[in-house]
Amino acid sequence: MHIQTLKFVKKELPPYVTGSLATPAGAVHRVASDWSRADYWGMIKSRVSAFRMNYSVTPGLYAIGGPTQESDVLVTANYKLTFDILRRELKGLNAWILVLDTKSINVWCAAGKGTFGTDELINRIAETKLESVVAHRNLILPQLGAVGVNAGIVREKTSFRVSFGPVEARDIPAYISAGYKKTTEMSTIRFPMLDRLILTPCEINPAMKTFPWIAGGILLIFGLQPQGLLFKQAWSNGLPFLALALMAVLAGALVTPVLLPFVPFRSFALKGWIMGMVSVFLMLLYFGAPITHDPLLHGVAYLLFPALSSYLALQFTGATTFTGMSGVKKELKFGIPLYLGAAGISSVLMIVFKLKEWRLI
Amino acid sequence: MKYLANVTTLQYSPDKCAGCGRCVEVCPQGVFELRDKRAELADRDRCMECGACALNCEFGAITVNAGVGCAAAIINGMVTGGPPSCDCGNASAACCG
């Protein structure tokens, strides 16, 4: 019985809670600025896997340092990585953190969906009795939350005035000490190479999940002979194609995102196609003999794989910080018919190749 | 880095602007600038149609057809016939929510 009770208490209080603070609205959890090993491990897991889908903090009010009723209130999302980054960047400050229920999604995405939104903020202010905890009526929201929060309505309904702070949590101390003023750098989102690299597992993982099927399909096509399924044929002829497919995935989902500004054209479909062409060219140059000796296979290599790279590069628009809906729609309008065309023509060429191989034509 | 030119649905009516600067405060792309107590379009093509400015302009000076610039979401919308949606259902890791 004792052990069970202990377990229960431990589950109630997460490790980043270091104490509690008495306020007129009741006890508020005080949280640490420093990350534990579990926090680092959680960050890594949420970057590379679906672990992020349920990585959350209980919504509500938290304290960092020893805040008073005059201290700033910073609003954030309940995705734990977001919350962790915020408390880390607030090290040495005394502030309140108001965590909205964003279903464990980061601020920007949640704002887009409306969960980091006007209604949720208004309700959370009421539920935490924020007006009795602080004497002022100011809230600092992450700038990217402005996609979902209408500051005018919040003011009207709660009397709290919303200021949209910096894009990045790391600029909050400088923003506060400058008298709540942002520099242009603080309010502009950038997308440096490291950020782009961090986001590539989101593109590569789903592509790799379908890869065994593609690989199986390729081996099946090459191995299929009039006398049955021949392993040797599948291997010797299919392997170069498999390598091409793998390179195409990496060209579109890894190389294009990382080298984004250095690949010509603004269109992601074109960027991906170019990198796909380059990778097919290099592969065929060095390992292409089994493919280049046959014009049909040669054609398929250049038709199909750059199109695959292009499609995957276009998927990366979902991870970028600067692509708009109208632009992506325009790319898809041209892209989808071309992708389907490339896939269709490639299929026909493969069928012709097989018929010739079987000496049927 | 810039995306395609001349595609944004952003529309701005300077005559309605009261110069509060909210659009400058919320835009993560530096599309707006405050000059002589009036917002001005500094670089319209940088707009990514997030909709933060239009939502927060109390004077109705800005309109934009806001949405996600994400191919997967838009294809999702085409397939289901609804608006572009980031909700990949149970596809879990397929979505970067």
# chains A, B, ... in the order shown; residues from 1 in each chain; ligands from 1
>>> closest_atom_pairs(of="range 249-333 of chain A", to="range 29-32 of chain B", cutoff="12 Å", atoms="only C-alpha atoms", output="JSON lines")
{"residue": "A:Thr321", "atom": "CA", "partner": "B:Gln29", "partner_atom": "CA", "distance": 9.0}
{"residue": "A:Phe322", "atom": "CA", "partner": "B:Gln29", "partner_atom": "CA", "distance": 7.6}
{"residue": "A:Thr323", "atom": "CA", "partner": "B:Gln29", "partner_atom": "CA", "distance": 10.7}
{"residue": "A:Gly324", "atom": "CA", "partner": "B:Gln29", "partner_atom": "CA", "distance": 11.4}
>>> interface_residues(of="chain B", to="chain A", cutoff="10 Å", atoms="only C-alpha atoms", output="count of residues only")
55
>>> select_by_dssp(residues="chain B", states="strand (DSSP E or B)", output="PDB file with N, CA and C atoms, in the first residue's frame")
ATOM      1  N   GLN B  11      -3.830  41.182 -48.772  1.00  0.00           N
ATOM      2  CA  GLN B  11      -4.313  42.472 -49.269  1.00  0.00           C
ATOM      3  C   GLN B  11      -4.281  43.469 -48.133  1.00  0.00           C
ATOM      4  N   TYR B  12      -3.752  44.642 -48.398  1.00  0.00           N
ATOM      5  CA  TYR B  12      -3.614  45.659 -47.366  1.00  0.00           C
ATOM      6  C   TYR B  12      -4.207  46.979 -47.848  1.00  0.00           C
ATOM      7  N   PHE B  32       5.702  43.852 -43.107  1.00  0.00           N
ATOM      8  CA  PHE B  32       5.267  45.223 -42.835  1.00  0.00           C
ATOM      9  C   PHE B  32       6.367  46.044 -42.169  1.00  0.00           C
ATOM     10  N   GLU B  33       6.287  47.353 -42.425  1.00  0.00           N
ATOM     11  CA  GLU B  33       7.165  48.299 -41.747  1.00  0.00           C
ATOM     12  C   GLU B  33       6.340  49.496 -41.334  1.00  0.00           C
ATOM     13  N   LEU B  34       6.701  50.105 -40.214  1.00  0.00           N
ATOM     14  CA  LEU B  34       5.989  51.294 -39.776  1.00  0.00           C
ATOM     15  C   LEU B  34       6.777  52.520 -40.236  1.00  0.00           C
ATOM     16  N   ARG B  35       6.132  53.317 -41.129  1.00  0.00           N
ATOM     17  CA  ARG B  35       6.783  54.549 -41.588  1.00  0.00           C
ATOM     18  C   ARG B  35       5.800  55.697 -41.412  1.00  0.00           C
ATOM     19  N   ARG B  38       2.308  54.864 -40.083  1.00  0.00           N
ATOM     20  CA  ARG B  38       1.467  54.094 -40.996  1.00  0.00           C
ATOM     21  C   ARG B  38       2.212  52.809 -41.338  1.00  0.00           C
ATOM     22  N   ALA B  39       1.478  51.720 -41.406  1.00  0.00           N
ATOM     23  CA  ALA B  39       2.121  50.478 -41.841  1.00  0.00           C
ATOM     24  C   ALA B  39       2.288  50.519 -43.355  1.00  0.00           C
ATOM     25  N   GLU B  40       3.398  49.992 -43.806  1.00  0.00           N
ATOM     26  CA  GLU B  40       3.627  49.893 -45.246  1.00  0.00           C
ATOM     27  C   GLU B  40       4.102  48.495 -45.585  1.00  0.00           C
ATOM     28  N   LEU B  41       3.781  48.058 -46.783  1.00  0.00           N
ATOM     29  CA  LEU B  41       4.271  46.750 -47.220  1.00  0.00           C
ATOM     30  C   LEU B  41       5.737  46.890 -47.618  1.00  0.00           C
ATOM     31  N   ILE B  62      -6.273  44.588 -43.114  1.00  0.00           N
ATOM     32  CA  ILE B  62      -5.527  43.500 -43.759  1.00  0.00           C
ATOM     33  C   ILE B  62      -6.428  42.288 -43.965  1.00  0.00           C
ATOM     34  N   THR B  63      -6.367  41.701 -45.135  1.00  0.00           N
ATOM     35  CA  THR B  63      -7.027  40.413 -45.345  1.00  0.00           C
ATOM     36  C   THR B  63      -6.020  39.458 -45.986  1.00  0.00           C
TER      37      THR B  63
END
>>> select_by_dssp(residues="range 24-142 of chain A", states="helix (DSSP H, G or I)", output="PyMOL selection string")
chain A and resi 37-48+50-54+80-89+107-113+118-127+130-133
>>> residues_around(residues="Ala215 in chain A", least_positions_apart="5", cutoff="12 Å", atoms="only C-alpha atoms", output="list in words")
Met208, Lys209, Thr210, Leu220, Ile221, Phe222, Gly223, Ala234, Trp235, Gly238, Leu239, Pro240, Phe241, Leu242, Ala243, Leu244, Ala245 and Leu246 of chain A
>>> atom_distance(atom1="CA of Leu139 in chain A", atom2="CA of Gly179 in chain A")
13.8 Å
>>> atom_distance(atom1="CA of Val134 in chain A", atom2="CA of Glu70 in chain A")
6.0 Å
